[in-house]
file protein.txt (compact mmCIF, C-alpha atoms and all ligand atoms)
# COMPACT_ATOMS: atom_id res chain seq x y z
CA MET O 1 -15.02 19.01 104.31
CA VAL O 2 -12.81 21.16 102.13
CA LEU O 3 -10.90 24.39 102.81
CA GLU O 4 -10.69 26.46 99.64
CA GLY O 5 -8.85 29.49 101.01
CA SER O 6 -7.86 31.29 104.20
CA ARG O 7 -10.67 32.22 106.56
CA GLN O 8 -13.36 30.64 104.44
CA PRO O 9 -15.68 28.22 106.18
CA LEU O 10 -15.08 24.58 105.28
CA ARG O 11 -17.41 23.40 102.52
CA ALA O 12 -18.99 20.00 102.23
CA LEU O 13 -18.04 18.63 98.82
CA ASP O 14 -18.33 15.26 97.19
CA VAL O 15 -14.66 14.39 96.89
CA PRO O 16 -13.77 11.33 94.80
CA ARG O 17 -12.39 8.38 96.75
CA PRO O 18 -8.60 8.84 96.60
CA SER O 19 -6.54 6.35 94.61
CA ILE O 20 -3.52 4.88 96.38
CA GLY O 21 0.13 4.23 95.60
CA PRO O 22 2.06 1.01 96.38
CA ASP O 23 3.00 2.10 99.94
CA GLN O 24 -0.38 3.56 100.77
CA VAL O 25 -3.53 2.33 102.40
CA LEU O 26 -7.02 3.64 101.79
CA LEU O 27 -8.79 4.23 105.06
CA GLU O 28 -12.47 4.52 105.73
CA VAL O 29 -12.34 7.32 108.28
CA ARG O 30 -14.10 6.66 111.58
CA ALA O 31 -12.97 9.66 113.61
CA CYS O 32 -10.74 12.70 113.22
CA ALA O 33 -9.84 14.99 116.09
CA VAL O 34 -9.73 18.74 115.67
CA CYS O 35 -6.42 20.40 116.51
CA ARG O 36 -5.40 24.01 117.07
CA THR O 37 -3.07 23.58 114.08
CA ASP O 38 -6.22 23.26 111.94
CA LEU O 39 -7.16 26.75 113.14
CA HIS O 40 -3.70 28.09 112.28
CA ILE O 41 -4.10 26.66 108.74
CA PHE O 42 -7.63 28.01 108.50
CA ASP O 43 -6.45 31.47 109.61
CA GLY O 44 -3.50 31.55 107.18
CA GLU O 45 -0.88 31.53 109.97
CA LEU O 46 0.62 28.41 108.40
CA GLN O 47 1.18 29.62 104.92
CA GLN O 48 1.80 26.66 102.66
CA PRO O 49 -1.31 24.48 102.70
CA LYS O 50 -2.24 22.59 99.55
CA LEU O 51 -5.49 24.15 98.33
CA PRO O 52 -8.16 23.05 98.14
CA LEU O 53 -7.37 21.07 101.28
CA ILE O 54 -9.12 18.44 103.34
CA PRO O 55 -7.83 19.27 106.86
CA GLY O 56 -7.39 16.87 109.77
CA HIS O 57 -4.33 15.02 111.08
CA GLU O 58 -5.59 12.94 114.01
CA ILE O 59 -7.30 10.22 112.03
CA ILE O 60 -8.66 6.84 113.04
CA GLY O 61 -9.73 4.67 110.13
CA ILE O 62 -10.27 1.14 108.91
CA ILE O 63 -8.18 -0.20 106.06
CA ALA O 64 -10.40 -0.59 103.02
CA GLU O 65 -7.68 -1.10 100.41
CA ARG O 66 -3.97 -1.86 100.48
CA GLY O 67 -1.22 -0.81 98.07
CA THR O 68 0.87 -3.55 96.50
CA ARG O 69 3.81 -3.10 98.89
CA VAL O 70 1.76 -2.90 102.12
CA GLU O 71 2.66 -5.68 104.55
CA ARG O 72 2.33 -4.12 108.01
CA PHE O 73 -1.45 -3.97 108.12
CA GLN O 74 -4.38 -6.15 107.10
CA LEU O 75 -7.64 -5.25 105.41
CA GLY O 76 -10.18 -4.25 108.05
CA GLN O 77 -7.51 -3.32 110.60
CA ARG O 78 -7.90 -0.09 112.56
CA VAL O 79 -4.99 2.33 112.26
CA GLY O 80 -4.18 5.94 113.10
CA VAL O 81 -2.70 8.62 110.84
CA PRO O 82 -0.66 11.41 112.44
CA TRP O 83 0.59 14.83 111.31
CA LEU O 84 3.85 13.46 109.86
CA GLY O 85 2.55 11.85 106.69
CA TRP O 86 5.83 11.24 104.87
CA SER O 87 9.55 11.92 105.21
CA CYS O 88 12.32 11.37 102.65
CA GLY O 89 14.51 8.98 104.63
CA VAL O 90 17.71 10.28 103.02
CA CYS O 91 18.29 13.88 104.14
CA ALA O 92 20.69 14.64 107.00
CA PHE O 93 17.84 15.02 109.47
CA CYS O 94 16.16 11.75 108.52
CA ARG O 95 19.47 9.90 108.75
CA ALA O 96 20.11 11.42 112.21
CA GLY O 97 16.80 10.17 113.62
CA GLN O 98 15.20 13.60 113.29
CA GLU O 99 12.64 12.87 110.61
CA ASN O 100 10.42 15.44 112.32
CA LEU O 101 12.77 18.03 110.77
CA CYS O 102 12.97 16.38 107.31
CA GLU O 103 13.57 18.89 104.54
CA GLN O 104 10.96 17.21 102.32
CA ALA O 105 8.44 16.20 104.98
CA ARG O 106 4.77 16.11 104.06
CA PHE O 107 2.09 16.74 106.61
CA THR O 108 -1.36 15.24 106.86
CA GLY O 109 -4.14 17.79 106.60
CA TYR O 110 -1.71 20.50 105.47
CA THR O 111 0.39 19.46 102.48
CA LEU O 112 -1.51 16.16 102.13
CA ASP O 113 -5.27 15.70 102.30
CA GLY O 114 -6.42 14.72 105.78
CA GLY O 115 -9.23 13.19 107.73
CA TYR O 116 -12.18 15.60 107.62
CA ALA O 117 -13.55 13.16 105.07
CA GLU O 118 -15.05 9.72 104.60
CA PHE O 119 -11.89 8.32 103.02
CA VAL O 120 -8.22 9.20 103.23
CA ALA O 121 -5.09 7.78 101.60
CA ALA O 122 -2.08 7.40 103.90
CA ASP O 123 1.44 6.04 103.64
CA GLN O 124 1.36 2.88 105.75
CA ARG O 125 4.93 3.44 106.96
CA PHE O 126 3.72 6.46 108.92
CA CYS O 127 0.52 4.93 110.33
CA PHE O 128 0.21 3.45 113.81
CA GLY O 129 -1.65 0.42 115.08
CA ILE O 130 -4.12 1.63 117.72
CA PRO O 131 -4.46 -0.05 121.16
CA HIS O 132 -7.78 -1.89 121.51
CA ASP O 133 -8.52 -0.13 124.80
CA TYR O 134 -9.74 2.97 123.00
CA SER O 135 -12.91 3.73 121.07
CA ASP O 136 -12.45 5.56 117.76
CA ALA O 137 -13.35 8.94 119.31
CA GLU O 138 -11.13 8.37 122.35
CA ALA O 139 -8.18 7.29 120.22
CA ALA O 140 -8.21 10.14 117.69
CA PRO O 141 -6.73 12.87 119.97
CA LEU O 142 -3.82 10.59 120.81
CA LEU O 143 -2.53 11.08 117.25
CA CYS O 144 -1.47 14.71 117.74
CA ALA O 145 -2.43 16.04 121.16
CA GLY O 146 -0.96 12.84 122.57
CA LEU O 147 2.13 12.59 120.37
CA ILE O 148 3.13 16.26 120.42
CA GLY O 149 2.36 16.39 124.12
CA TYR O 150 4.57 13.36 124.64
CA ARG O 151 7.45 14.82 122.65
CA SER O 152 7.10 18.09 124.59
CA LEU O 153 7.15 16.26 127.92
CA ARG O 154 10.27 14.32 126.88
CA LYS O 155 12.00 17.64 126.08
CA THR O 156 11.66 18.60 129.75
CA GLY O 157 14.03 15.71 130.57
CA GLU O 158 13.81 14.60 134.18
CA ALA O 159 11.84 17.66 135.31
CA ARG O 160 9.75 16.66 138.32
CA LYS O 161 7.73 19.83 138.77
CA VAL O 162 6.32 20.68 135.36
CA GLY O 163 4.19 23.70 134.46
CA ILE O 164 1.71 23.46 131.59
CA TYR O 165 0.44 26.67 130.00
CA GLY O 166 -2.81 26.19 128.09
CA PHE O 167 -4.89 23.32 129.35
CA GLY O 168 -6.44 21.86 126.20
CA ALA O 169 -6.26 18.53 124.43
CA ALA O 170 -2.49 17.97 124.68
CA ALA O 171 -2.32 19.08 128.32
CA HIS O 172 -5.15 16.82 129.47
CA ILE O 173 -3.41 13.79 127.98
CA ILE O 174 0.11 14.56 129.05
CA THR O 175 -0.87 15.42 132.61
CA GLN O 176 -1.87 11.78 133.02
CA VAL O 177 1.42 10.54 131.57
CA ALA O 178 3.40 12.91 133.78
CA ARG O 179 1.60 11.74 136.93
CA PHE O 180 2.23 8.12 135.95
CA GLU O 181 5.92 8.99 135.75
CA GLY O 182 5.85 10.51 139.24
CA ARG O 183 5.94 14.14 138.13
CA GLU O 184 3.88 17.02 139.51
CA ILE O 185 1.82 19.15 137.14
CA TYR O 186 1.16 22.84 137.70
CA ALA O 187 -1.60 23.97 135.32
CA PHE O 188 -1.92 27.50 133.96
CA THR O 189 -5.11 28.60 132.21
CA ARG O 190 -6.62 31.84 130.92
CA THR O 191 -7.31 34.23 133.80
CA GLY O 192 -10.70 33.46 135.30
CA ASP O 193 -11.06 30.07 133.57
CA VAL O 194 -12.16 28.37 136.78
CA ALA O 195 -13.70 25.44 134.90
CA GLY O 196 -10.40 24.84 133.12
CA GLN O 197 -8.54 24.94 136.42
CA GLU O 198 -10.98 22.49 137.97
CA PHE O 199 -10.58 20.21 134.94
CA ALA O 200 -6.80 20.24 135.42
CA MET O 201 -7.13 19.43 139.12
CA SER O 202 -9.55 16.58 138.33
CA LEU O 203 -6.83 15.03 136.15
CA GLY O 204 -4.34 15.18 138.98
CA ALA O 205 -2.61 18.55 138.66
CA VAL O 206 -1.27 19.56 142.09
CA TRP O 207 -1.95 23.25 141.48
CA ALA O 208 -3.88 25.33 138.95
CA GLY O 209 -3.95 29.07 138.43
CA ALA O 210 -3.95 31.93 135.95
CA ALA O 211 -1.23 32.05 133.28
CA ASP O 212 0.17 35.36 134.55
CA SER O 213 0.46 34.17 138.15
CA LEU O 214 3.41 32.40 139.77
CA PRO O 215 3.13 28.86 141.13
CA PRO O 216 3.84 28.21 144.84
CA VAL O 217 7.17 26.52 144.02
CA LYS O 218 9.90 26.96 141.40
CA LEU O 219 9.31 24.64 138.44
CA ASP O 220 11.93 22.35 136.89
CA GLY O 221 10.41 22.83 133.47
CA ALA O 222 7.39 24.22 131.66
CA ILE O 223 5.51 23.41 128.47
CA ILE O 224 3.55 26.09 126.63
CA PHE O 225 0.72 24.69 124.49
CA ALA O 226 -1.19 27.98 124.17
CA PRO O 227 -0.20 29.94 121.01
CA ALA O 228 0.60 33.09 122.99
CA GLY O 229 4.21 34.32 122.86
CA ASP O 230 3.77 36.51 125.93
CA LEU O 231 3.65 33.33 127.99
CA VAL O 232 7.36 32.69 127.35
CA PRO O 233 8.65 35.33 129.82
CA HIS O 234 5.95 34.28 132.31
CA ALA O 235 7.11 30.67 132.10
CA LEU O 236 10.80 31.64 132.37
CA LYS O 237 9.92 33.52 135.56
CA ALA O 238 8.36 30.36 136.97
CA VAL O 239 11.26 27.95 136.28
CA ARG O 240 14.30 27.42 138.47
CA LYS O 241 17.96 27.82 137.50
CA GLY O 242 18.81 25.38 134.70
CA GLY O 243 15.12 24.88 133.91
CA ILE O 244 13.65 24.58 130.44
CA VAL O 245 10.64 26.16 128.74
CA VAL O 246 9.30 24.06 125.85
CA CYS O 247 7.04 25.69 123.26
CA GLY O 248 4.82 22.84 122.08
CA GLY O 249 2.75 24.60 119.42
CA ILE O 250 3.38 24.97 115.70
CA HIS O 251 2.58 28.68 115.74
CA MET O 252 2.88 31.34 118.42
CA SER O 253 2.30 35.09 118.47
CA ASP O 254 5.50 37.14 118.80
CA ILE O 255 7.48 36.72 122.00
CA PRO O 256 7.87 40.11 123.69
CA SER O 257 11.35 41.25 124.67
CA PHE O 258 12.31 40.44 128.24
CA PRO O 259 15.23 41.09 130.59
CA TYR O 260 18.19 38.76 130.18
CA ASP O 261 17.87 37.96 133.89
CA LEU O 262 14.93 35.70 133.06
CA LEU O 263 17.12 33.51 130.83
CA TRP O 264 20.28 33.84 132.91
CA GLU O 265 21.45 30.94 135.09
CA GLU O 266 21.21 28.43 132.26
CA ARG O 267 17.50 28.52 131.71
CA SER O 268 16.61 27.56 128.15
CA VAL O 269 13.77 27.97 125.70
CA CYS O 270 13.11 25.51 122.87
CA SER O 271 10.36 24.47 120.50
CA VAL O 272 8.96 21.11 119.50
CA ALA O 273 8.39 20.56 115.79
CA ASN O 274 6.25 17.72 114.46
CA LEU O 275 6.90 14.16 115.62
CA THR O 276 8.92 11.08 114.74
CA ARG O 277 7.63 7.55 114.35
CA GLN O 278 9.77 6.67 117.35
CA ASP O 279 7.71 9.12 119.45
CA GLY O 280 4.57 7.36 118.27
CA ASN O 281 5.84 3.87 118.99
CA GLU O 282 6.85 4.88 122.51
CA PHE O 283 3.67 6.77 123.23
CA PHE O 284 1.29 4.08 121.95
CA ALA O 285 3.10 1.51 124.10
CA LEU O 286 2.85 3.79 127.15
CA ALA O 287 -0.70 5.17 126.83
CA PRO O 288 -2.60 1.97 127.75
CA GLN O 289 -0.30 1.38 130.76
CA VAL O 290 -1.06 4.77 132.34
CA PRO O 291 -3.87 4.32 131.24
CA VAL O 292 -4.42 7.61 129.42
CA LYS O 293 -8.11 8.47 129.24
CA THR O 294 -9.21 11.11 126.78
CA SER O 295 -12.12 13.49 127.32
CA VAL O 296 -13.80 14.17 124.02
CA GLU O 297 -16.64 16.24 122.67
CA THR O 298 -17.92 14.69 119.44
CA PHE O 299 -19.48 16.30 116.38
CA PRO O 300 -20.75 14.85 113.11
CA LEU O 301 -18.32 15.53 110.26
CA SER O 302 -20.82 17.99 108.75
CA GLN O 303 -20.38 20.23 111.84
CA ALA O 304 -16.62 20.70 111.42
CA ASN O 305 -17.02 24.50 111.31
CA GLU O 306 -18.87 24.45 114.63
CA ALA O 307 -16.18 22.23 116.19
CA LEU O 308 -13.46 24.65 115.05
CA HIS O 309 -15.42 27.57 116.46
CA ARG O 310 -15.80 25.91 119.86
CA LEU O 311 -12.08 25.16 119.94
CA ARG O 312 -11.22 28.75 119.02
CA THR O 313 -13.40 30.16 121.78
CA GLY O 314 -11.95 27.83 124.40
CA LYS O 315 -15.21 25.98 124.99
CA VAL O 316 -13.94 22.43 124.42
CA ARG O 317 -12.98 20.39 127.51
CA GLY O 318 -10.34 17.94 126.34
CA ALA O 319 -10.52 17.35 122.60
CA ALA O 320 -13.09 17.93 119.85
CA VAL O 321 -13.55 14.92 117.57
CA LEU O 322 -15.43 14.62 114.26
CA LEU O 323 -17.23 11.35 113.62
CA THR O 324 -18.14 10.15 110.16
CA ARG O 325 -21.05 8.11 111.45
ZN ZN O 401 -2.25 18.74 115.75
ZN ZN O 402 14.32 13.70 105.17
call {"tool": "encode", "arguments": {"input": "protein.txt", "output": "structure tokens", "more": "lines below"}}
Ligand SMILES: [Zn+2]
Ligand SMILES: [Zn+2]
result
Amino acid sequence: MVLEGSRQPLRALDVPRPSIGPDQVLLEVRACAVCRTDLHIFDGELQQPKLPLIPGHEIIGIIAERGTRVERFQLGQRVGVPWLGWSCGVCAFCRAGQENLCEQARFTGYTLDGGYAEFVAADQRFCFGIPHDYSDAEAAPLLCAGLIGYRSLRKTGEARKVGIYGFGAAAHIITQVARFEGREIYAFTRTGDVAGQEFAMSLGAVWAGAADSLPPVKLDGAIIFAPAGDLVPHALKAVRKGGIVVCGGIHMSDIPSFPYDLLWEERSVCSVANLTRQDGNEFFALAPQVPVKTSVETFPLSQANEALHRLRTGKVRGAAVLLTR
């Protein structure tokens, strides 16, 4: 499925099978999860996509061909492709272990073609082996919702009482990890989204309520996955002195001005950008121990537009996943 320009529906096109370089593998795509970032690209809020573009950065595929330098993976092996598709390895950020901030980074399904397709080429150095415990559809959301969720949770440090604003794919995964680590999750959803609140409680949240309400206790930290800047002051209001508010999304509407009192007493606000391979290695080792279970709603690849629409309107419980067969 190909995006030819902002706000145009994805079109089904016969795209030639990509050719691969020495460090790349050709994957026969099995599953690709649908992420809110895909909507931001679709809507033109992320402004530098390659066009035409095959979106999709939570890919599970089988290796059908290997470049001449590929040694990590075998033909027929199942691997996952995340958002970070390539980094330069030499810039100051890469050398400091912050390849997520690489000046030259390339991103799957944004500046590189992604997984809304039957085949995708990927640099093997940025792929992950996938634990056997997961089916293709269950594994796909781990590649972004899981990894970005994990990086966001790590940013909260030792926070024991953690608020999560926006209870979608990332939240449903990271709630399970947080519980496993002995943390308490306080879930915030759209006002009146009773089903979303029940979903959060079913995954072990200790409290669930509307995003503009206050939890019964002060939080040590909060993660905002919803792309709504007005949640930042709400979250700051909910965290204790010294607490942190982590913005986990790649795009957010403007943050309204707020009184300095909300930030005072060493509260902080930060964002999470992209992921590192280290995040992935840690998360894929941890997920089967929890064990993280993903709730997915599957669609055939040809219904990518419908999947995006359901995500946009908040109808998906857990993650939407496209299947190629
Ligand atoms: Zn994503
Ligand atoms: Zn770099």
call {"tool": "atom_distance", "arguments": {"input": "protein.txt", "atom1": "atom CA of Ile59 of chain O", "atom2": "atom CA of Val292 of chain O"}}
result
17.8 Å
call {"tool": "residues_around", "arguments": {"input": "protein.txt", "residues": "Val70 of chain O", "least_positions_apart": "4", "cutoff": "7 Å", "atoms": "only C-alpha atoms", "output": "PDB file with C-alpha atoms, in the coordinates of the input"}}
result
ATOM      1  CA  PRO O  22       2.060   1.010  96.380  1.00  0.00           C
ATOM      2  CA  ASP O  23       3.000   2.100  99.940  1.00  0.00           C
ATOM      3  CA  GLN O  24      -0.380   3.560 100.770  1.00  0.00           C
ATOM      4  CA  ARG O  66      -3.970  -1.860 100.480  1.00  0.00           C
ATOM      5  CA  GLN O 124       1.360   2.880 105.750  1.00  0.00           C
TER       6      GLN O 124
END
call {"tool": "closest_residue", "arguments": {"input": "protein.txt", "among": "O:Asp38, O:Glu45, O:Glu181, O:Glu103", "to": "ligand ZN 402 (chain O)", "atoms": "only C-alpha atoms and all ligand atoms"}}
result
O:Glu103
call {"tool": "residues_near_ligand", "arguments": {"input": "protein.txt", "ligand": "ligand ZN 401 (chain O)", "cutoff": "7 Å", "atoms": "only C-alpha atoms and all ligand atoms", "output": "number ranges by chain"}}
result
O: 35-37, 57-58, 83, 144-145
call {"tool": "closest_residue", "arguments": {"input": "protein.txt", "among": "O:Val162, O:Ala92, O:Leu301, O:Leu26", "to": "Gly56 of chain O", "atoms": "all atoms listed in the file"}}
result
O:Leu301
call {"tool": "residues_near_ligand", "arguments": {"input": "protein.txt", "ligand": "ligand ZN 402 (chain O)", "cutoff": "8 Å", "atoms": "all atoms listed in the file", "output": "PyMOL selection string"}}
result
chain O and resi 87-95+99+101-105
call {"tool": "residues_around", "arguments": {"input": "protein.txt", "residues": "Ile41 of chain O", "least_positions_apart": "2", "cutoff": "10 Å", "atoms": "all atoms listed in the file", "output": "mmCIF file with C-alpha atoms, in the coordinates of the input"}}
result
data_model
loop_
_atom_site.group_PDB
_atom_site.id
_atom_site.type_symbol
_atom_site.label_atom_id
_atom_site.label_comp_id
_atom_site.auth_asym_id
_atom_site.auth_seq_id
_atom_site.Cartn_x
_atom_site.Cartn_y
_atom_site.Cartn_z
ATOM 1 C CA LEU O 3 -10.900 24.390 102.810
ATOM 2 C CA GLY O 5 -8.850 29.490 101.010
ATOM 3 C CA SER O 6 -7.860 31.290 104.200
ATOM 4 C CA ARG O 7 -10.670 32.220 106.560
ATOM 5 C CA ARG O 36 -5.400 24.010 117.070
ATOM 6 C CA THR O 37 -3.070 23.580 114.080
ATOM 7 C CA ASP O 38 -6.220 23.260 111.940
ATOM 8 C CA LEU O 39 -7.160 26.750 113.140
ATOM 9 C CA ASP O 43 -6.450 31.470 109.610
ATOM 10 C CA GLY O 44 -3.500 31.550 107.180
ATOM 11 C CA GLU O 45 -0.880 31.530 109.970
ATOM 12 C CA LEU O 46 0.620 28.410 108.400
ATOM 13 C CA GLN O 47 1.180 29.620 104.920
ATOM 14 C CA GLN O 48 1.800 26.660 102.660
ATOM 15 C CA PRO O 49 -1.310 24.480 102.700
ATOM 16 C CA LEU O 53 -7.370 21.070 101.280
ATOM 17 C CA PRO O 55 -7.830 19.270 106.860
ATOM 18 C CA GLY O 109 -4.140 17.790 106.600
ATOM 19 C CA TYR O 110 -1.710 20.500 105.470
ATOM 20 C CA HIS O 251 2.580 28.680 115.740
#
call {"tool": "closest_residue", "arguments": {"input": "protein.txt", "among": "O:Gly80, O:Pro259, O:Pro16, O:Gly314", "to": "Asp193 of chain O", "atoms": "all atoms listed in the file"}}
result
O:Gly314
call {"tool": "atom_distance", "arguments": {"input": "protein.txt", "atom1": "atom CA of Glu118 of chain O", "atom2": "atom CA of Thr324 of chain O"}}
result
6.4 Å
call {"tool": "residues_around", "arguments": {"input": "protein.txt", "residues": "Leu286 of chain O", "least_positions_apart": "2", "cutoff": "12 Å", "atoms": "only C-alpha atoms", "output": "NGL selection string"}}
result
:O and (130-131 or 142 or 146-147 or 150 or 173-174 or 176-178 or 180-181 or 279-284 or 288-292)
call {"tool": "write_last_selection", "arguments": {"input": "protein.txt", "atoms": "C-alpha atoms", "output": "PDB file, in the frame of the given file"}}
result
ATOM      1  CA  ILE O 130      -4.120   1.630 117.720  1.00  0.00           C
ATOM      2  CA  PRO O 131      -4.460  -0.050 121.160  1.00  0.00           C
ATOM      3  CA  LEU O 142      -3.820  10.590 120.810  1.00  0.00           C
ATOM      4  CA  GLY O 146      -0.960  12.840 122.570  1.00  0.00           C
ATOM      5  CA  LEU O 147       2.130  12.590 120.370  1.00  0.00           C
ATOM      6  CA  TYR O 150       4.570  13.360 124.640  1.00  0.00           C
ATOM      7  CA  ILE O 173      -3.410  13.790 127.980  1.00  0.00           C
ATOM      8  CA  ILE O 174       0.110  14.560 129.050  1.00  0.00           C
ATOM      9  CA  GLN O 176      -1.870  11.780 133.020  1.00  0.00           C
ATOM     10  CA  VAL O 177       1.420  10.540 131.570  1.00  0.00           C
ATOM     11  CA  ALA O 178       3.400  12.910 133.780  1.00  0.00           C
ATOM     12  CA  PHE O 180       2.230   8.120 135.950  1.00  0.00           C
ATOM     13  CA  GLU O 181       5.920   8.990 135.750  1.00  0.00           C
ATOM     14  CA  ASP O 279       7.710   9.120 119.450  1.00  0.00           C
ATOM     15  CA  GLY O 280       4.570   7.360 118.270  1.00  0.00           C
ATOM     16  CA  ASN O 281       5.840   3.870 118.990  1.00  0.00           C
ATOM     17  CA  GLU O 282       6.850   4.880 122.510  1.00  0.00           C
ATOM     18  CA  PHE O 283       3.670   6.770 123.230  1.00  0.00           C
ATOM     19  CA  PHE O 284       1.290   4.080 121.950  1.00  0.00           C
ATOM     20  CA  PRO O 288      -2.600   1.970 127.750  1.00  0.00           C
ATOM     21  CA  GLN O 289      -0.300   1.380 130.760  1.00  0.00           C
ATOM     22  CA  VAL O 290      -1.060   4.770 132.340  1.00  0.00           C
ATOM     23  CA  PRO O 291      -3.870   4.320 131.240  1.00  0.00           C
ATOM     24  CA  VAL O 292      -4.420   7.610 129.420  1.00  0.00           C
TER      25      VAL O 292
END
call {"tool": "atom_distance", "arguments": {"input": "protein.txt", "atom1": "atom CA of Thr111 of chain O", "atom2": "atom CA of Ala273 of chain O"}}
result
15.6 Å
call {"tool": "closest_residue", "arguments": {"input": "protein.txt", "among": "O:Pro256, O:Pro300, O:Gly166, O:Gly243", "to": "Ala320 of chain O", "atoms": "all atoms listed in the file"}}
result
O:Pro300
call {"tool": "closest_residue", "arguments": {"input": "protein.txt", "among": "O:His40, O:Arg240, O:Asp136, O:Asp123", "to": "Ser253 of chain O", "atoms": "all atoms listed in the file"}}
result
O:His40
call {"tool": "residues_near_point", "arguments": {"input": "protein.txt", "point": "(15.9, 37.7, 132.8)", "cutoff": "12 Å", "atoms": "only C-alpha atoms", "output": "PyMOL selection string"}}
result
chain O and resi 232-241+257-268
